[in-house]
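So this one's coords_26.txt, compact mmCIF, C-alpha atoms and all ligand atoms:
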```txt
# COMPACT_ATOMS: atom_id res chain seq x y z
CA MET A 152 -21.93 11.44 -120.29
CA LYS A 153 -23.22 7.93 -119.67
CA PHE A 154 -26.92 7.31 -118.96
CA ASP A 155 -28.65 4.21 -117.56
CA PHE A 156 -31.18 4.30 -120.38
CA THR A 157 -32.55 6.40 -123.22
CA VAL A 158 -36.20 7.23 -123.78
CA VAL A 159 -36.59 7.38 -127.57
CA ILE A 160 -39.50 9.47 -128.91
CA PRO A 161 -40.13 9.42 -132.68
CA THR A 162 -41.79 12.57 -133.97
CA LEU A 163 -43.39 13.82 -137.12
CA ASN A 164 -45.15 17.15 -136.63
CA GLU A 165 -45.93 16.76 -132.94
CA ALA A 166 -45.56 20.44 -131.94
CA GLU A 167 -48.82 20.31 -130.00
CA SER A 168 -47.69 17.58 -127.62
CA ILE A 169 -43.90 17.20 -127.61
CA ALA A 170 -43.10 19.82 -124.94
CA LYS A 171 -45.63 18.38 -122.49
CA MET A 172 -44.33 14.89 -123.16
CA ILE A 173 -40.66 15.74 -122.57
CA ILE A 174 -41.33 17.82 -119.45
CA ASN A 175 -43.53 15.07 -118.04
CA ILE A 176 -40.93 12.34 -118.68
CA ASP A 177 -38.14 14.49 -117.26
CA ALA A 178 -40.17 15.14 -114.11
CA ILE A 179 -40.81 11.40 -113.67
CA LEU A 180 -37.10 10.61 -114.08
CA LYS A 181 -36.16 13.24 -111.52
CA LYS A 182 -38.85 12.15 -109.05
CA GLU A 183 -37.70 8.53 -109.26
CA ASN A 184 -34.03 9.48 -109.23
CA LEU A 185 -33.35 7.82 -112.57
CA ASN A 186 -30.38 8.68 -114.73
CA GLY A 187 -32.08 8.58 -118.12
CA GLN A 188 -31.80 10.73 -121.22
CA ILE A 189 -34.54 11.67 -123.67
CA LEU A 190 -33.86 11.45 -127.38
CA VAL A 191 -36.34 12.81 -129.90
CA VAL A 192 -35.92 11.35 -133.38
CA ASP A 193 -37.57 13.73 -135.77
CA ASP A 194 -38.24 13.27 -139.49
CA ASN A 195 -37.63 16.92 -140.29
CA SER A 196 -41.03 18.10 -139.09
CA THR A 197 -42.47 21.09 -140.88
CA ASP A 198 -44.23 22.43 -137.80
CA ASN A 199 -42.47 23.78 -134.67
CA THR A 200 -41.43 20.40 -133.21
CA ILE A 201 -37.69 20.89 -133.82
CA PHE A 202 -37.72 24.46 -132.54
CA ILE A 203 -39.57 23.43 -129.37
CA VAL A 204 -37.20 20.54 -128.59
CA ASN A 205 -34.12 22.69 -129.24
CA ASP A 206 -35.52 25.24 -126.83
CA ILE A 207 -36.04 22.63 -124.08
CA LYS A 208 -32.53 21.31 -124.77
CA LEU A 209 -31.05 24.63 -123.65
CA THR A 210 -32.17 24.02 -120.07
CA HIS A 211 -32.19 20.20 -120.01
CA PRO A 212 -28.79 18.56 -120.61
CA ASN A 213 -30.40 15.11 -120.74
CA VAL A 214 -32.60 16.04 -123.73
CA ASN A 215 -31.40 15.64 -127.28
CA ILE A 216 -32.78 15.61 -130.81
CA LEU A 217 -31.72 13.70 -133.90
CA ILE A 218 -33.07 15.30 -137.06
CA ARG A 219 -33.34 13.04 -140.08
CA HIS A 220 -33.27 14.66 -143.52
CA SER A 221 -33.83 11.66 -145.76
CA ASN A 222 -35.26 8.12 -145.81
CA HIS A 223 -38.17 9.10 -143.65
CA GLY A 224 -40.25 6.51 -141.85
CA LEU A 225 -41.04 5.38 -138.34
CA SER A 226 -38.99 2.16 -138.24
CA LEU A 227 -35.97 3.77 -139.89
CA SER A 228 -36.18 6.60 -137.38
CA LEU A 229 -36.19 4.16 -134.51
CA ILE A 230 -33.24 2.21 -135.89
CA ASP A 231 -31.29 5.47 -136.19
CA GLY A 232 -32.51 6.47 -132.74
CA PHE A 233 -31.27 3.22 -131.19
CA ASN A 234 -27.88 3.66 -132.86
CA GLU A 235 -27.60 7.18 -131.48
CA ALA A 236 -28.88 6.17 -128.02
CA GLY A 237 -26.41 3.26 -127.94
CA LYS A 238 -23.48 5.69 -127.92
CA ASN A 239 -24.07 6.47 -124.25
CA SER A 240 -26.65 4.01 -122.89
CA ASP A 241 -27.40 0.26 -122.98
CA ILE A 242 -31.19 0.25 -122.55
CA PHE A 243 -33.74 1.89 -124.86
CA ILE A 244 -37.36 2.73 -124.07
CA LYS A 245 -39.63 3.63 -126.99
CA ILE A 246 -42.65 5.86 -126.36
CA ASP A 247 -44.93 7.86 -128.68
CA ALA A 248 -45.03 11.65 -128.59
CA ASP A 249 -48.78 12.11 -128.58
CA GLY A 250 -49.62 11.10 -125.01
CA GLN A 251 -51.11 7.71 -125.89
CA HIS A 252 -48.50 5.80 -123.89
CA PRO A 253 -48.33 6.45 -120.12
CA ALA A 254 -44.96 7.96 -119.28
CA GLU A 255 -45.50 6.98 -115.61
CA LYS A 256 -44.75 3.40 -116.65
CA ILE A 257 -41.24 4.23 -117.90
CA PRO A 258 -39.59 3.48 -114.51
CA GLU A 259 -41.29 0.07 -114.40
CA LEU A 260 -40.17 -0.77 -117.95
CA TYR A 261 -36.62 0.18 -117.01
CA ARG A 262 -36.60 -1.75 -113.72
CA LYS A 263 -37.91 -4.88 -115.35
CA ILE A 264 -35.01 -4.75 -117.82
CA ARG A 265 -32.60 -4.18 -114.97
CA ASP A 266 -34.14 -7.21 -113.23
CA GLY A 267 -32.84 -9.35 -116.09
CA ASN A 268 -35.37 -9.20 -118.93
CA ASP A 269 -34.08 -8.51 -122.44
CA ILE A 270 -37.35 -6.99 -123.65
CA VAL A 271 -40.23 -5.54 -121.61
CA ILE A 272 -43.47 -4.85 -123.46
CA GLY A 273 -46.28 -2.51 -122.48
CA SER A 274 -49.29 -4.68 -123.30
CA ARG A 275 -52.85 -3.65 -124.05
CA TYR A 276 -54.04 -7.22 -123.79
CA ILE A 277 -53.04 -8.48 -120.36
CA LYS A 278 -55.04 -7.96 -117.18
CA GLY A 279 -55.03 -4.25 -116.34
CA GLY A 280 -54.30 -3.21 -119.91
CA GLY A 281 -56.71 -1.88 -122.51
CA ILE A 282 -57.63 0.63 -125.18
CA LYS A 283 -59.66 3.80 -124.68
CA ASN A 284 -61.90 5.56 -127.17
CA TRP A 285 -61.19 3.60 -130.31
CA SER A 286 -63.75 3.19 -133.05
CA PHE A 287 -65.13 -0.31 -133.61
CA MET A 288 -63.29 -0.49 -136.96
CA ARG A 289 -59.94 0.41 -135.47
CA ARG A 290 -60.37 -2.16 -132.71
CA VAL A 291 -61.12 -4.84 -135.28
CA ILE A 292 -58.07 -3.92 -137.41
CA SER A 293 -55.83 -3.78 -134.37
CA ARG A 294 -57.09 -7.11 -133.05
CA GLY A 295 -56.49 -8.68 -136.46
CA ALA A 296 -52.97 -7.24 -136.67
CA THR A 297 -52.14 -8.41 -133.15
CA GLY A 298 -53.71 -11.84 -133.74
CA MET A 299 -51.56 -12.45 -136.82
CA ALA A 300 -48.39 -11.44 -134.96
CA ARG A 301 -49.32 -13.72 -132.07
CA LEU A 302 -49.14 -16.70 -134.41
CA PHE A 303 -45.37 -16.12 -134.33
CA PHE A 304 -45.25 -15.48 -130.56
CA PRO A 305 -48.14 -17.20 -128.79
CA GLN A 306 -46.59 -16.51 -125.38
CA ILE A 307 -46.68 -12.72 -125.94
CA THR A 308 -50.03 -10.92 -125.73
CA ASP A 309 -49.01 -7.69 -127.53
CA PRO A 310 -46.11 -8.29 -129.95
CA VAL A 311 -46.99 -5.18 -131.97
CA SER A 312 -47.04 -2.71 -129.09
CA GLY A 313 -45.40 0.65 -129.66
CA PHE A 314 -44.49 1.00 -125.99
CA PHE A 315 -41.57 -1.17 -124.91
CA ALA A 316 -38.05 -1.35 -123.52
CA VAL A 317 -35.16 -3.28 -124.98
CA ARG A 318 -31.53 -3.96 -124.21
CA LYS A 319 -28.99 -2.59 -126.67
CA ASP A 320 -27.51 -6.08 -127.18
CA VAL A 321 -30.86 -7.30 -128.51
CA VAL A 322 -31.03 -4.84 -131.40
CA HIS A 323 -27.33 -4.25 -131.96
CA LYS A 324 -26.45 -6.10 -135.19
CA ALA A 325 -30.01 -7.44 -135.62
CA PRO A 326 -30.96 -7.35 -139.32
CA LEU A 327 -34.02 -5.16 -138.70
CA LYS A 328 -35.97 -4.23 -141.79
CA PRO A 329 -36.69 -0.54 -141.94
CA LYS A 330 -40.09 -0.87 -143.56
CA GLY A 331 -43.38 -0.86 -141.70
CA TYR A 332 -44.68 0.50 -138.45
CA LYS A 333 -44.26 -2.47 -136.15
CA ILE A 334 -40.64 -2.36 -135.10
CA LEU A 335 -41.25 -4.47 -131.98
CA LEU A 336 -42.32 -7.42 -134.10
CA GLU A 337 -39.07 -7.12 -136.09
CA ILE A 338 -37.08 -6.99 -132.87
CA LEU A 339 -38.84 -10.06 -131.46
CA MET A 340 -38.24 -11.98 -134.66
CA LYS A 341 -34.70 -10.93 -135.49
CA GLY A 342 -33.25 -9.65 -132.23
CA ASN A 343 -30.92 -11.52 -129.93
CA TRP A 344 -33.06 -12.11 -126.81
CA ASN A 345 -33.94 -14.83 -124.30
CA THR A 346 -36.33 -13.30 -121.80
CA VAL A 347 -39.36 -11.10 -122.29
CA ALA A 348 -41.85 -9.67 -119.78
CA GLU A 349 -45.07 -7.72 -120.23
CA ILE A 350 -46.67 -5.02 -118.09
CA PRO A 351 -50.21 -3.71 -118.64
CA PHE A 352 -51.00 -0.25 -119.93
CA ILE A 353 -54.04 1.57 -121.26
CA PHE A 354 -53.60 2.92 -124.77
CA GLY A 355 -55.29 6.29 -124.47
CA PRO A 356 -56.63 8.55 -127.18
CA ARG A 357 -54.23 10.84 -129.07
CA GLU A 358 -54.14 14.04 -126.97
CA SER A 359 -53.59 16.44 -129.85
CA GLY A 360 -52.06 16.73 -133.30
CA GLU A 361 -52.73 14.51 -136.26
CA SER A 362 -52.47 10.76 -136.72
CA LYS A 363 -49.84 9.50 -139.15
CA LEU A 364 -51.58 6.18 -139.45
CA LYS A 365 -52.54 5.75 -143.09
CA ARG A 366 -54.11 2.92 -145.04
CA GLN A 367 -50.70 2.27 -146.62
CA ILE A 368 -49.49 1.12 -143.22
CA ILE A 369 -51.86 -1.86 -143.26
CA ILE A 370 -50.41 -3.00 -146.60
CA GLU A 371 -46.88 -2.52 -145.28
CA TYR A 372 -47.78 -4.55 -142.23
CA LEU A 373 -48.94 -7.48 -144.34
CA GLU A 374 -45.69 -7.24 -146.33
CA GLN A 375 -43.77 -7.23 -143.06
CA LEU A 376 -45.59 -10.38 -141.87
CA LEU A 377 -44.74 -12.13 -145.13
CA ASP A 378 -41.12 -11.13 -144.79
CA LEU A 379 -41.03 -12.41 -141.22
CA LEU A 380 -42.56 -15.69 -142.30
CA LYS A 381 -39.76 -16.08 -144.87
CA PHE A 382 -37.22 -15.15 -142.21
CA ARG A 383 -38.62 -17.75 -139.82
CA ILE A 384 -38.55 -20.45 -142.50
CA ASN A 385 -34.92 -19.66 -143.36
CA HIS A 386 -33.60 -19.50 -139.80
N1 LIG A 401 -39.68 10.10 -136.97
C1 LIG A 401 -40.90 9.69 -137.35
N2 LIG A 401 -41.89 9.58 -136.44
C2 LIG A 401 -43.11 9.16 -136.86
C3 LIG A 401 -43.40 8.85 -138.21
N3 LIG A 401 -44.70 8.47 -138.30
C4 LIG A 401 -45.19 8.55 -137.05
N4 LIG A 401 -44.25 8.97 -136.19
C5 LIG A 401 -44.37 9.16 -134.73
O1 LIG A 401 -44.62 7.87 -134.19
C6 LIG A 401 -45.57 7.95 -133.15
C7 LIG A 401 -46.78 7.09 -133.53
O2 LIG A 401 -47.47 7.68 -134.62
P1 LIG A 401 -49.05 7.94 -134.55
O3 LIG A 401 -49.47 8.77 -135.70
O4 LIG A 401 -49.39 8.46 -133.19
O5 LIG A 401 -49.62 6.46 -134.75
P2 LIG A 401 -50.75 5.74 -133.88
O6 LIG A 401 -50.55 6.03 -132.43
O7 LIG A 401 -50.75 4.33 -134.30
O8 LIG A 401 -52.07 6.46 -134.41
P3 LIG A 401 -53.09 7.43 -133.58
O9 LIG A 401 -53.83 6.55 -132.59
O10 LIG A 401 -54.00 7.96 -134.62
O11 LIG A 401 -52.27 8.47 -132.92
C8 LIG A 401 -45.86 9.42 -132.94
O12 LIG A 401 -45.00 9.92 -131.94
C9 LIG A 401 -45.52 10.03 -134.31
O13 LIG A 401 -45.12 11.38 -134.24
C10 LIG A 401 -42.33 8.99 -139.17
O14 LIG A 401 -42.48 8.74 -140.36
N5 LIG A 401 -41.12 9.40 -138.68
MG MG A 402 -50.58 7.94 -131.76
```
Could you render the structure from this file as structure tokens?
Ligand SMILES: Nc1nc2c(ncn2[C@@H]2O[C@H](COP(=O)(O)OP(=O)(O)OP(=O)(O)O)[C@@H](O)[C@H]2O)c(=O)[nH]1
Ligand SMILES: [Mg+2]
Amino acid sequence: MKFDFTVVIPTLNEAESIAKMIINIDAILKKENLNGQILVVDDNSTDNTIFIVNDIKLTHPNVNILIRHSNHGLSLSLIDGFNEAGKNSDIFIKIDADGQHPAEKIPELYRKIRDGNDIVIGSRYIKGGGIKNWSFMRRVISRGATGMARLFFPQITDPVSGFFAVRKDVVHKAPLKPKGYKILLEILMKGNWNTVAEIPFIFGPRESGESKLKRQIIIEYLEQLLDLLKFRINH
């Protein structure tokens, strides 16, 4: 079956929120009459995530799960997820499982791609966007991370957002590096795109479950920036 787009949700032990997330997205798609599928890309969670998604799958033919047994990691999961999604759709929308990204904005992300944009980014830093309930320290780190990425893309306010839509052609064959957390930055740097748009969103607090954000991720991010700098110099 062919779908107009795939909503890709990476998961690692998100049993507390995944059912709510899928049901909410599915309801939005139905309400807006959109022919989208939902693909969970799970890194072999040790909680009930897989069981819960498989259960929903029984009654929702547009819901699927890809379970990864090796080479765990967020970016690698998304690359695999895009490959899987590309088998029956040409537009991918990435959203987190923990309720921090507003699923109500999925139709707008999709429509803006359909209007001709190659990438549409949910931005925390344009008018109407923002961040809720973050500690001072996390705001500072996030601002720093975003500021460094903006040196590469001054026209984009949130090049490290985790909430975005992209055309298959942009990522297909792009030499994306599987390391790190910031896949959008890789896509912007190495993907095959011409037009990008941003829409505002409020990054809410994690609704439940545990954060996977570790200190290691900051080091990986700096490595990623260095790699992208080399890439930019060589291309
Ligand atoms: N498949 C897969 N998913 C992951 C991995 N790490 C994180 N995720 C998922 O990626 C999304 C983002 O991870 P979070 O831990 O929420 O990161 P964050 O939003 O920056 O941090 P918090 O604000 O603390 O939630 C969530 O849906 C996670 O379940 C991973 O290694 N593999
Ligand atoms: Mg989160």
6 Å contact set for Leu163 of chain A, all atoms listed in the file, chain neighbours under 5 positions out, as a VMD selection string: chain A and resid 193 to 194 196
Given only C-alpha atoms as the counted atoms, nearest of A:Ile169, A:Asn205, A:Ile242, A:Lys341 to Asn385 of chain A: A:Lys341
Nearby polymer residues, ligand MG 402 (chain A), at most 9 Å, all atoms listed in the file, as a list of chain:residue names: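 If we count all atoms listed in the file, the neighbours of ligand MG 402 (chain A) turn out to be A:Asp247, A:Ala248, A:Asp249, A:Gly250, A:Gln251, A:His252, A:Gly355, A:Pro356, A:Arg357, A:Glu358, A:Glu361, A:Ser362, A:Lys363, A:Leu364.
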Distance in Å - atom CA of Arg219 of chain A versus atom CA of Leu327 of chain A: 18.3 Å
Within 10 Å of segment 301-308 of chain A, which residues of segment 338-384 of chain A show up? Give each one with its shortest atom-to-atom distance in Å (one decimal) and the two atoms involved, counting only C-alpha atoms, rows by chain then rising residue number, as a tab-separated table.
```
residue	atom	partner	partner_atom	distance
A:Leu339	CA	A:Phe304	CA	8.4
A:Met340	CA	A:Phe303	CA	8.3
A:Val347	CA	A:Ile307	CA	8.3
A:Ala348	CA	A:Ile307	CA	8.4
A:Glu349	CA	A:Ile307	CA	7.8
A:Leu376	CA	A:Phe303	CA	9.5
A:Leu379	CA	A:Phe303	CA	8.9
A:Leu380	CA	A:Phe303	CA	8.5
A:Arg383	CA	A:Phe303	CA	8.9
```
Coordinates-based distance that separates atom N1 of ligand LIG 401 (chain A) from atom CA of Ala325 of chain A (Å, one decimal):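 Atom N1 of ligand LIG 401 (chain A) lies 20.1 Å from atom CA of Ala325 of chain A.
With all atoms listed in the file as the atoms that count, the residue of A:Gly279, A:Pro253, A:Gly267, A:Gly232 with the shortest distance to ligand LIG 401 (chain A) is A:Gly232.
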From A:Asp155, A:Glu167, A:Glu183, A:Asp266, residue lying nearest ligand LIG 401 (chain A) [only C-alpha atoms and all ligand atoms]: A:Glu167
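Across A:Gly273, A:His211, A:Met152, A:Lys365, the tightest approach to ligand LIG 401 (chain A) is made by A:Lys365 when counting only C-alpha atoms and all ligand atoms.
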Which of A:Phe287, A:Val158, A:Phe314, A:Pro326 sits closest to Ile179 of chain A [using all atoms listed in the file]: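 Smallest distance to Ile179 of chain A is found for A:Val158.
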Given all atoms listed in the file as the counted atoms, nearest of A:Ile270, A:Val311, A:Ile277, A:Ile174 to ligand LIG 401 (chain A):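 Closest candidate: A:Val311.
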Straight-line distance linking atom CA of Lys381 of chain A with atom CA of Ala300 of chain A, stated in Å to one decimal: 13.9 Å
Show me as a PDB file with C-alpha atoms, in the coordinates of the input the residues that reach within 10 Å of (-33.4, -13.7, -123.8), counting all atoms listed in the file and using the file's own coordinates.
```pdb
ATOM      1  CA  GLY A 267     -32.840  -9.350-116.090  1.00  0.00           C
ATOM      2  CA  ASN A 268     -35.370  -9.200-118.930  1.00  0.00           C
ATOM      3  CA  ASP A 269     -34.080  -8.510-122.440  1.00  0.00           C
ATOM      4  CA  ILE A 270     -37.350  -6.990-123.650  1.00  0.00           C
ATOM      5  CA  ARG A 318     -31.530  -3.960-124.210  1.00  0.00           C
ATOM      6  CA  VAL A 321     -30.860  -7.300-128.510  1.00  0.00           C
ATOM      7  CA  GLY A 342     -33.250  -9.650-132.230  1.00  0.00           C
ATOM      8  CA  ASN A 343     -30.920 -11.520-129.930  1.00  0.00           C
ATOM      9  CA  TRP A 344     -33.060 -12.110-126.810  1.00  0.00           C
ATOM     10  CA  ASN A 345     -33.940 -14.830-124.300  1.00  0.00           C
ATOM     11  CA  THR A 346     -36.330 -13.300-121.800  1.00  0.00           C
ATOM     12  CA  VAL A 347     -39.360 -11.100-122.290  1.00  0.00           C
TER      13      VAL A 347
END
```
Within 6 Å of file point (-41.2, 1.8, -134.8), counting only C-alpha atoms, expressed as a list in words: Leu225, Ser226, Leu229, Tyr332, Lys333 and Ile334 of chain A
Where atoms are absent from segment 274-303 of chain A, fill them in so it carries N, CA and C atoms, then output it as a PDB file, in the frame of the given file.
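Once written, out_38.pdb looks like this:
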```pdb
ATOM      1  N   SER A 274     -48.266  -3.925-122.583  1.00  0.00           N
ATOM      2  CA  SER A 274     -49.290  -4.680-123.300  1.00  0.00           C
ATOM      3  C   SER A 274     -50.689  -4.131-123.053  1.00  0.00           C
ATOM      4  N   ARG A 275     -51.452  -4.069-124.147  1.00  0.00           N
ATOM      5  CA  ARG A 275     -52.850  -3.650-124.050  1.00  0.00           C
ATOM      6  C   ARG A 275     -53.750  -4.828-123.741  1.00  0.00           C
ATOM      7  N   TYR A 276     -53.177  -6.029-123.830  1.00  0.00           N
ATOM      8  CA  TYR A 276     -54.040  -7.220-123.790  1.00  0.00           C
ATOM      9  C   TYR A 276     -53.793  -8.145-122.611  1.00  0.00           C
ATOM     10  N   ILE A 277     -53.062  -7.693-121.591  1.00  0.00           N
ATOM     11  CA  ILE A 277     -53.040  -8.480-120.360  1.00  0.00           C
ATOM     12  C   ILE A 277     -53.889  -7.760-119.313  1.00  0.00           C
ATOM     13  N   LYS A 278     -54.173  -8.491-118.228  1.00  0.00           N
ATOM     14  CA  LYS A 278     -55.040  -7.960-117.180  1.00  0.00           C
ATOM     15  C   LYS A 278     -54.537  -6.574-116.723  1.00  0.00           C
ATOM     16  N   GLY A 279     -55.416  -5.619-116.735  1.00  0.00           N
ATOM     17  CA  GLY A 279     -55.030  -4.250-116.340  1.00  0.00           C
ATOM     18  C   GLY A 279     -54.762  -3.373-117.546  1.00  0.00           C
ATOM     19  N   GLY A 280     -54.568  -3.973-118.695  1.00  0.00           N
ATOM     20  CA  GLY A 280     -54.300  -3.210-119.910  1.00  0.00           C
ATOM     21  C   GLY A 280     -55.599  -2.939-120.675  1.00  0.00           C
ATOM     22  N   GLY A 281     -55.510  -2.142-121.727  1.00  0.00           N
ATOM     23  CA  GLY A 281     -56.710  -1.880-122.510  1.00  0.00           C
ATOM     24  C   GLY A 281     -56.528  -0.761-123.512  1.00  0.00           C
ATOM     25  N   ILE A 282     -57.621  -0.432-124.162  1.00  0.00           N
ATOM     26  CA  ILE A 282     -57.630   0.630-125.180  1.00  0.00           C
ATOM     27  C   ILE A 282     -58.828   1.537-124.886  1.00  0.00           C
ATOM     28  N   LYS A 283     -58.589   2.837-124.966  1.00  0.00           N
ATOM     29  CA  LYS A 283     -59.660   3.800-124.680  1.00  0.00           C
ATOM     30  C   LYS A 283     -60.087   4.523-125.933  1.00  0.00           C
ATOM     31  N   ASN A 284     -61.367   4.689-126.116  1.00  0.00           N
ATOM     32  CA  ASN A 284     -61.900   5.560-127.170  1.00  0.00           C
ATOM     33  C   ASN A 284     -61.468   5.212-128.591  1.00  0.00           C
ATOM     34  N   TRP A 285     -61.462   3.952-128.929  1.00  0.00           N
ATOM     35  CA  TRP A 285     -61.190   3.600-130.310  1.00  0.00           C
ATOM     36  C   TRP A 285     -62.488   3.238-131.008  1.00  0.00           C
ATOM     37  N   SER A 286     -62.560   3.553-132.294  1.00  0.00           N
ATOM     38  CA  SER A 286     -63.750   3.190-133.050  1.00  0.00           C
ATOM     39  C   SER A 286     -63.787   1.665-133.173  1.00  0.00           C
ATOM     40  N   PHE A 287     -64.960   1.144-133.452  1.00  0.00           N
ATOM     41  CA  PHE A 287     -65.130  -0.310-133.610  1.00  0.00           C
ATOM     42  C   PHE A 287     -64.174  -0.820-134.695  1.00  0.00           C
ATOM     43  N   MET A 288     -64.118  -0.073-135.815  1.00  0.00           N
ATOM     44  CA  MET A 288     -63.290  -0.490-136.960  1.00  0.00           C
ATOM     45  C   MET A 288     -61.811  -0.582-136.568  1.00  0.00           C
ATOM     46  N   ARG A 289     -61.356   0.417-135.820  1.00  0.00           N
ATOM     47  CA  ARG A 289     -59.940   0.410-135.470  1.00  0.00           C
ATOM     48  C   ARG A 289     -59.621  -0.730-134.508  1.00  0.00           C
ATOM     49  N   ARG A 290     -60.552  -1.033-133.633  1.00  0.00           N
ATOM     50  CA  ARG A 290     -60.370  -2.160-132.710  1.00  0.00           C
ATOM     51  C   ARG A 290     -60.241  -3.464-133.490  1.00  0.00           C
ATOM     52  N   VAL A 291     -61.121  -3.607-134.493  1.00  0.00           N
ATOM     53  CA  VAL A 291     -61.120  -4.840-135.280  1.00  0.00           C
ATOM     54  C   VAL A 291     -59.778  -4.976-136.018  1.00  0.00           C
ATOM     55  N   ILE A 292     -59.336  -3.878-136.658  1.00  0.00           N
ATOM     56  CA  ILE A 292     -58.070  -3.920-137.410  1.00  0.00           C
ATOM     57  C   ILE A 292     -56.912  -4.233-136.467  1.00  0.00           C
ATOM     58  N   SER A 293     -56.915  -3.574-135.314  1.00  0.00           N
ATOM     59  CA  SER A 293     -55.830  -3.780-134.370  1.00  0.00           C
ATOM     60  C   SER A 293     -55.809  -5.210-133.829  1.00  0.00           C
ATOM     61  N   ARG A 294     -56.983  -5.729-133.525  1.00  0.00           N
ATOM     62  CA  ARG A 294     -57.090  -7.110-133.050  1.00  0.00           C
ATOM     63  C   ARG A 294     -56.558  -8.086-134.101  1.00  0.00           C
ATOM     64  N   GLY A 295     -56.940  -7.816-135.358  1.00  0.00           N
ATOM     65  CA  GLY A 295     -56.490  -8.680-136.460  1.00  0.00           C
ATOM     66  C   GLY A 295     -54.973  -8.625-136.587  1.00  0.00           C
ATOM     67  N   ALA A 296     -54.427  -7.410-136.537  1.00  0.00           N
ATOM     68  CA  ALA A 296     -52.970  -7.240-136.670  1.00  0.00           C
ATOM     69  C   ALA A 296     -52.250  -7.945-135.520  1.00  0.00           C
ATOM     70  N   THR A 297     -52.778  -7.792-134.317  1.00  0.00           N
ATOM     71  CA  THR A 297     -52.140  -8.410-133.150  1.00  0.00           C
ATOM     72  C   THR A 297     -52.275  -9.929-133.228  1.00  0.00           C
ATOM     73  N   GLY A 298     -53.467 -10.386-133.640  1.00  0.00           N
ATOM     74  CA  GLY A 298     -53.710 -11.840-133.740  1.00  0.00           C
ATOM     75  C   GLY A 298     -52.734 -12.500-134.698  1.00  0.00           C
ATOM     76  N   MET A 299     -52.488 -11.858-135.834  1.00  0.00           N
ATOM     77  CA  MET A 299     -51.560 -12.450-136.820  1.00  0.00           C
ATOM     78  C   MET A 299     -50.144 -12.515-136.240  1.00  0.00           C
ATOM     79  N   ALA A 300     -49.735 -11.458-135.547  1.00  0.00           N
ATOM     80  CA  ALA A 300     -48.390 -11.440-134.960  1.00  0.00           C
ATOM     81  C   ALA A 300     -48.263 -12.491-133.855  1.00  0.00           C
ATOM     82  N   ARG A 301     -49.369 -12.743-133.161  1.00  0.00           N
ATOM     83  CA  ARG A 301     -49.320 -13.720-132.070  1.00  0.00           C
ATOM     84  C   ARG A 301     -49.143 -15.144-132.568  1.00  0.00           C
ATOM     85  N   LEU A 302     -49.410 -15.364-133.849  1.00  0.00           N
ATOM     86  CA  LEU A 302     -49.140 -16.700-134.410  1.00  0.00           C
ATOM     87  C   LEU A 302     -47.647 -16.992-134.323  1.00  0.00           C
ATOM     88  N   PHE A 303     -46.824 -15.944-134.445  1.00  0.00           N
ATOM     89  CA  PHE A 303     -45.370 -16.120-134.330  1.00  0.00           C
ATOM     90  C   PHE A 303     -44.944 -16.246-132.862  1.00  0.00           C
TER      91      PHE A 303
END
```
